[in-house]
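K.L.:
Got a structure for you, questions after.
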Amino acid sequence: MINPTPSLFVSSCSKRCPRGVESFLDRQADEYVFYGAGKIALRDGVAGLVEPGQNVLVPAYLPDAVAEPLYDLQLEVRYYALEETLAPNIADLESRLDDETAAICSVNYFGTPQPAIERIQSLADDYGCYHIDDNAHGAFSVDDGTLLGTRGDIGFTSLWKLFPIPNGAVLYLNSENARERYRPSSLATVRERFDTADGRFVLASMLRELLADRRSVQHTIETLLSRGDEPAVGGPKARYDDAKRPMSKLAMSVLENADPLSIRRRRRGNYRAWQRVFADCDDVTFVLESLPAGICPQVAPVRTDDPEAFRTTLERAGIGGVNGWPRLSSTVRDDPTYETARRLSTEVRTLPVHQQIDPAEIDAIGETLRQ
Ligand SMILES: Cc1ncc(COP(=O)(O)O)c(C=O)c1O
């Protein structure tokens, strides 16, 4: 069985050469602040740069709750259309820019560099607005010597997507202007003590492992414990409100003992193992064109004609977490302008590549599937 996320009780990539996430970030970013969630980092980072009533441009292929911090700041959210390459449709993006545009947000999908990053930056320069580098997926991805998330005026990343931790994110303050205007909220901190949410998370993680083969019991217990590691069920606003917590002490303890470079190496190895598994399958295509050096994938996203059958087959072969991504905003779901984002959200399924998977396990799954 390949679990969708790493376990809290396995110390892969931590004991032999602990370097810690903080020292990795110290080397890669000018100025950064820890948060519990990317959405809260986004809100604090943007707050000092905007006036209520201005608009922010975000890609249509985005989880619905990511707009919530912008609504919280009384901004208008304008979704722009994307190409199949995950670059913006530049004509559509440009048509939405005006004098009231405060910022353009671009996304490094699944941990790989946004293909049109330079074009987006130059549009932001031309229109005199800020650029937000959303790197929620790729905390340890370095492109040509630059850490993803550190390219716009501000950027952010979600550490909880790579680790078995209750929460954890980083805000990058990249430009001088963003640094000067930044006023941290009370959530821009790491808790000094373990709290009940940490306790619940540990308990839920233990139960999940004990009941790994008994999915229905596991589901009931997790609901009772209302896990902190996955978005709460409910609408986007409820999920945003649920994210309003500082980074947990448990999260920091895990991060202090982690080795980002080793995690990146392992995730890349697992991504390549999935490429081997599906090399000869015409009906499974990888969403990302390539895996450039220095990139740390969050997952291996693939497209198939029959995503549900694909998920069921892989689940039967023992692979958890073969999910669709993301839950789109209703604005996007209801508007044919965003056809590409809508199609991607239906067709894409994500394969786990986390650091605790042995690539041999993936190769073995490949054998099973071939038989
Ligand atoms: C592209 C993208 N941006 C931002 C976020 C928000 O990050 P967080 O869940 O840490 O608040 C997510 C979360 O899934 C995301 O996928």
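Residues are named by chain letter and number: chains run A, B, ... in the order of the structure tokens, numbers start at 1 in each chain, and ligands are numbered from 1 in the order shown.
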Using only C-alpha atoms and all ligand atoms, which residues have at least one atom no more than 6 Å from ligand 1? Output them as an mmCIF file with N, CA and C atoms, in the first residue's frame.
P.N.:
data_model
loop_
_atom_site.group_PDB
_atom_site.id
_atom_site.type_symbol
_atom_site.label_atom_id
_atom_site.label_comp_id
_atom_site.auth_asym_id
_atom_site.auth_seq_id
_atom_site.Cartn_x
_atom_site.Cartn_y
_atom_site.Cartn_z
ATOM 1 N N ALA A 37 -0.796 28.802 7.312
ATOM 2 C CA ALA A 37 -1.366 28.454 6.001
ATOM 3 C C ALA A 37 -0.957 29.475 4.948
ATOM 4 N N GLY A 38 -0.867 28.991 3.710
ATOM 5 C CA GLY A 38 -0.520 29.874 2.605
ATOM 6 C C GLY A 38 -1.531 31.004 2.447
ATOM 7 N N LYS A 39 -2.807 30.687 2.671
ATOM 8 C CA LYS A 39 -3.853 31.708 2.486
ATOM 9 C C LYS A 39 -3.664 32.877 3.455
ATOM 10 N N LEU A 62 -7.425 27.127 -9.899
ATOM 11 C CA LEU A 62 -7.000 27.474 -8.534
ATOM 12 C C LEU A 62 -8.072 26.987 -7.556
ATOM 13 N N PRO A 63 -7.668 26.481 -6.375
ATOM 14 C CA PRO A 63 -8.693 26.087 -5.397
ATOM 15 C C PRO A 63 -9.538 27.293 -4.988
ATOM 16 N N VAL A 66 -8.639 30.009 -2.195
ATOM 17 C CA VAL A 66 -7.480 30.912 -2.300
ATOM 18 C C VAL A 66 -7.920 32.367 -2.532
ATOM 19 N N VAL A 107 0.940 31.106 -10.607
ATOM 20 C CA VAL A 107 1.132 29.875 -9.819
ATOM 21 C C VAL A 107 2.200 28.982 -10.450
ATOM 22 N N ASP A 134 2.738 32.615 -6.318
ATOM 23 C CA ASP A 134 2.105 31.551 -5.530
ATOM 24 C C ASP A 134 2.870 30.258 -5.759
ATOM 25 N N ALA A 136 2.586 27.601 -3.570
ATOM 26 C CA ALA A 136 2.016 26.714 -2.544
ATOM 27 C C ALA A 136 2.532 25.282 -2.691
ATOM 28 N N SER A 158 3.355 26.458 0.896
ATOM 29 C CA SER A 158 2.660 25.686 1.933
ATOM 30 C C SER A 158 3.523 24.492 2.317
ATOM 31 N N ALA A 169 3.377 27.193 6.687
ATOM 32 C CA ALA A 169 3.521 27.917 5.414
ATOM 33 C C ALA A 169 4.574 29.000 5.602
#
K.L.:
Looking only at the backbone, which of the residues in segment 13-70 of chain A does DSSP tag as strand (DSSP E), as an MDAnalysis selection string?
P.N.:
chainID A and resid 32:35 55:59
K.L.:
Could you save the residues just selected, with N, CA and C atoms, as a short mmCIF file (atom, residue, chain, number, x, y, z; two decimals), in the first residue's frame?
P.N.:
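Generated output (again-v8.cif):
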data_model
loop_
_atom_site.label_atom_id
_atom_site.label_comp_id
_atom_site.auth_asym_id
_atom_site.auth_seq_id
_atom_site.Cartn_x
_atom_site.Cartn_y
_atom_site.Cartn_z
N TYR A 32 11.73 36.17 5.03
CA TYR A 32 10.55 35.31 5.05
C TYR A 32 9.98 35.22 6.46
N VAL A 33 8.69 34.82 6.53
CA VAL A 33 7.99 34.73 7.82
C VAL A 33 7.17 33.44 7.82
N PHE A 34 7.19 32.73 8.94
CA PHE A 34 6.38 31.49 9.04
C PHE A 34 4.93 31.80 9.37
N TYR A 35 4.04 31.02 8.76
CA TYR A 35 2.59 31.09 9.01
C TYR A 35 2.04 29.68 9.14
N ASN A 55 -8.60 45.51 -7.69
CA ASN A 55 -8.78 44.12 -8.10
C ASN A 55 -7.45 43.38 -8.16
N VAL A 56 -7.54 42.05 -8.01
CA VAL A 56 -6.36 41.18 -8.12
C VAL A 56 -6.68 40.09 -9.14
N LEU A 57 -5.74 39.83 -10.05
CA LEU A 57 -5.95 38.82 -11.09
C LEU A 57 -5.33 37.50 -10.65
N VAL A 58 -6.14 36.44 -10.67
CA VAL A 58 -5.65 35.12 -10.27
C VAL A 58 -6.02 34.10 -11.35
N PRO A 59 -5.25 33.02 -11.49
CA PRO A 59 -5.58 32.04 -12.54
C PRO A 59 -6.86 31.28 -12.22
#
K.L.:
With a distance cut-off of 12 Å and only C-alpha atoms, select the neighbouring residues of Glu289 of chain A, excluding the residue or stretch itself and same-chain residues fewer than 3 positions from it, and output the selection as a list in words.
P.N.:
Glu84, Thr85, Leu86, Tyr109, Phe110, Thr112, Pro113, Gln114, Pro115, Gln275, Thr285, Phe286, Pro292, Ala300, Pro301 and Val302 of chain A
K.L.:
Identify which of the residues A:Val21, A:Cys296, A:Ala243, A:Ile154 lies closest to Asp259 of chain A, counting only C-alpha atoms when measuring atom-to-atom distances.
P.N.:
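So, comparing all the options, the nearest one is A:Val21.
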K.L.:
Wanna dump the segment 20-51 of chain A-segment 182-192 of chain A contacts at 10 Å for me, each residue with its shortest atom pair and the distance in Å to one decimal, counting only C-alpha atoms, ordered by chain and number, as CSV?
P.N.:
residue,atom,partner,partner_atom,distance
A:Val33,CA,A:Ala188,CA,6.7
A:Phe34,CA,A:Thr189,CA,6.0
A:Tyr35,CA,A:Ala188,CA,5.2
A:Gly36,CA,A:Leu187,CA,7.5
A:Ala37,CA,A:Leu187,CA,9.5
A:Ile40,CA,A:Leu187,CA,7.8
A:Ala41,CA,A:Ala188,CA,7.7
A:Arg43,CA,A:Ser185,CA,9.4
A:Asp44,CA,A:Pro184,CA,6.2
A:Gly45,CA,A:Tyr182,CA,6.4
A:Val46,CA,A:Tyr182,CA,8.2
A:Ala47,CA,A:Tyr182,CA,7.6
A:Gly48,CA,A:Tyr182,CA,5.5
A:Leu49,CA,A:Tyr182,CA,8.0
K.L.:
Using the selection just defined, write its residues with N, CA and C atoms as an mmCIF file, in the first residue's frame.
P.N.:
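Output contents, as saved in out-v6.cif:
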data_model
loop_
_atom_site.group_PDB
_atom_site.id
_atom_site.type_symbol
_atom_site.label_atom_id
_atom_site.label_comp_id
_atom_site.auth_asym_id
_atom_site.auth_seq_id
_atom_site.Cartn_x
_atom_site.Cartn_y
_atom_site.Cartn_z
ATOM 1 N N VAL A 33 8.693 34.820 6.533
ATOM 2 C CA VAL A 33 7.991 34.734 7.818
ATOM 3 C C VAL A 33 7.173 33.437 7.820
ATOM 4 N N PHE A 34 7.186 32.726 8.938
ATOM 5 C CA PHE A 34 6.385 31.493 9.035
ATOM 6 C C PHE A 34 4.929 31.796 9.365
ATOM 7 N N TYR A 35 4.035 31.016 8.763
ATOM 8 C CA TYR A 35 2.589 31.095 9.007
ATOM 9 C C TYR A 35 2.040 29.680 9.135
ATOM 10 N N GLY A 36 0.760 29.597 9.501
ATOM 11 C CA GLY A 36 0.106 28.287 9.540
ATOM 12 C C GLY A 36 -0.371 27.844 8.159
ATOM 13 N N ALA A 37 -0.796 28.802 7.312
ATOM 14 C CA ALA A 37 -1.366 28.454 6.001
ATOM 15 C C ALA A 37 -0.957 29.475 4.948
ATOM 16 N N ILE A 40 -3.218 32.569 4.666
ATOM 17 C CA ILE A 40 -3.033 33.647 5.649
ATOM 18 C C ILE A 40 -1.754 34.432 5.319
ATOM 19 N N ALA A 41 -0.739 33.705 4.856
ATOM 20 C CA ALA A 41 0.488 34.377 4.405
ATOM 21 C C ALA A 41 0.152 35.335 3.260
ATOM 22 N N ARG A 43 -2.764 36.758 2.645
ATOM 23 C CA ARG A 43 -3.510 37.923 3.134
ATOM 24 C C ARG A 43 -2.568 38.955 3.764
ATOM 25 N N ASP A 44 -1.669 38.504 4.649
ATOM 26 C CA ASP A 44 -0.772 39.447 5.323
ATOM 27 C C ASP A 44 0.183 40.112 4.331
ATOM 28 N N GLY A 45 0.640 39.322 3.346
ATOM 29 C CA GLY A 45 1.587 39.876 2.378
ATOM 30 C C GLY A 45 0.950 40.928 1.493
ATOM 31 N N VAL A 46 -0.324 40.703 1.134
ATOM 32 C CA VAL A 46 -1.012 41.617 0.215
ATOM 33 C C VAL A 46 -1.547 42.852 0.950
ATOM 34 N N ALA A 47 -1.892 42.680 2.237
ATOM 35 C CA ALA A 47 -2.641 43.722 2.967
ATOM 36 C C ALA A 47 -2.020 45.122 2.833
ATOM 37 N N GLY A 48 -0.711 45.212 2.962
ATOM 38 C CA GLY A 48 -0.066 46.523 2.947
ATOM 39 C C GLY A 48 0.088 47.112 1.549
ATOM 40 N N LEU A 49 -0.229 46.305 0.521
ATOM 41 C CA LEU A 49 0.050 46.745 -0.856
ATOM 42 C C LEU A 49 -1.194 47.254 -1.583
#
K.L.:
When you look at Gln355 of chain A with a cut-off of 10 Å (counting only C-alpha atoms), what residues show up, excluding the ones that are within fewer than 3 positions of it in the same chain? I need them as number ranges by chain.
P.N.:
A: 5-7, 11-13, 162-163, 262-270, 352, 358-359
K.L.:
Within 9 Å of Gly128 of chain A, counting only C-alpha atoms, which residues qualify if same-chain residues fewer than 5 places away don't, as a list in words?
P.N.:
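Result of the neighbour search: Asp99, Thr101, Ala102, Ala103 and Leu123 of chain A.
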K.L.:
Kindly indicate which residue among A:Leu291, A:Ile90, A:Cys129, A:Met1 lies nearest to Val50 of chain A, using only C-alpha atoms for the distances.
P.N.:
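Among the listed residues, the smallest separation from Val50 of chain A belongs to A:Cys129.
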K.L.:
Nearest to Thr350 of chain A: which of A:Thr368, A:Asn89, A:Gln121, A:Gln298 is it, counting only C-alpha atoms?
P.N.:
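So, comparing all the options, the nearest one is A:Gln298.
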K.L.:
So that I can see what lies close to segment 328-341 of chain A, please list as a ChimeraX atom specification the residues with an atom at most 12 Å from it, counting only C-alpha atoms and leaving out residues fewer than 4 positions away in the same chain.
P.N.:
/A:58-68,77-89,92-93,235-237,324,345-348
K.L.:
Smallest atom-to-atom distance to Leu314 of chain A: which of A:Ala258, A:Leu203, A:Ala273, A:Ile2, using only C-alpha atoms?
P.N.:
A:Ile2
K.L.:
Can you list, as an NGL selection string, every residue of segment 155-289 of chain A that DSSP puts in alpha helix (DSSP H)?
P.N.:
:A and (176-181 or 196-210 or 215-225 or 236-242 or 249-256 or 260-277)
K.L.:
When distances are computed from only C-alpha atoms, which of A:Leu159, A:Val202, A:Val299, A:Ala29 shows the smallest separation from Trp274 of chain A?
P.N.:
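So, comparing all the options, the nearest one is A:Val299.
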K.L.:
Which polymer residues have any atom within 12 Å of an atom of Phe278 of chain A, counting only C-alpha atoms, with same-chain residues fewer than 3 positions away left out, as a PyMOL selection string?
P.N.:
chain A and resi 271-275+281-286+300+302-304+310+351+362-363+365-367+369-370
K.L.:
Include C-alpha atoms and write out the residues we just selected as a PDB file, in the first residue's frame.
P.N.:
ATOM      1  CA  TYR A 271       8.199  11.137 -10.042  1.00  0.00           C
ATOM      2  CA  ARG A 272      10.539   9.417 -12.510  1.00  0.00           C
ATOM      3  CA  ALA A 273       9.343   6.014 -11.301  1.00  0.00           C
ATOM      4  CA  TRP A 274       5.750   6.975 -12.237  1.00  0.00           C
ATOM      5  CA  GLN A 275       7.024   8.122 -15.644  1.00  0.00           C
ATOM      6  CA  CYS A 281       0.436   3.997 -21.954  1.00  0.00           C
ATOM      7  CA  ASP A 282      -0.997   6.206 -24.675  1.00  0.00           C
ATOM      8  CA  ASP A 283      -4.037   7.128 -22.600  1.00  0.00           C
ATOM      9  CA  VAL A 284      -2.058   8.489 -19.607  1.00  0.00           C
ATOM     10  CA  THR A 285      -0.220  11.782 -20.172  1.00  0.00           C
ATOM     11  CA  PHE A 286       1.856  13.724 -17.682  1.00  0.00           C
ATOM     12  CA  ALA A 300       2.875  13.600 -10.333  1.00  0.00           C
ATOM     13  CA  VAL A 302      -1.507  12.931 -15.055  1.00  0.00           C
ATOM     14  CA  ARG A 303      -4.454  13.192 -17.438  1.00  0.00           C
ATOM     15  CA  THR A 304      -6.560  10.309 -18.627  1.00  0.00           C
ATOM     16  CA  PHE A 310      -7.936   5.237 -13.498  1.00  0.00           C
ATOM     17  CA  LEU A 351      -0.056  10.374  -8.022  1.00  0.00           C
ATOM     18  CA  ILE A 362       6.123   2.219  -7.606  1.00  0.00           C
ATOM     19  CA  ASP A 363       7.968  -0.055 -10.036  1.00  0.00           C
ATOM     20  CA  ILE A 365       2.845  -1.360  -8.874  1.00  0.00           C
ATOM     21  CA  GLY A 366       3.780  -0.912 -12.541  1.00  0.00           C
ATOM     22  CA  GLU A 367       4.387  -4.666 -12.793  1.00  0.00           C
ATOM     23  CA  LEU A 369      -0.757  -3.006 -13.570  1.00  0.00           C
ATOM     24  CA  ARG A 370       0.936  -4.566 -16.594  1.00  0.00           C
TER      25      ARG A 370
END
K.L.:
Expressed in Å to a single decimal, how great is the separation between atom CA of Gly53 of chain A and atom CA of Glu100 of chain A?
P.N.:
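Interatomic distance here is 7.9 Å.
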K.L.:
Find the distance between atom CA of Asp153 of chain A and atom CA of Asn177 of chain A and write it in Å to one decimal.
P.N.:
7.7 Å
K.L.:
Do you have the atom CA of Asp26 of chain A-atom CA of Arg193 of chain A distance handy?
P.N.:
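Atom-to-atom, atom CA of Asp26 of chain A and atom CA of Arg193 of chain A are spaced 23.6 Å apart.
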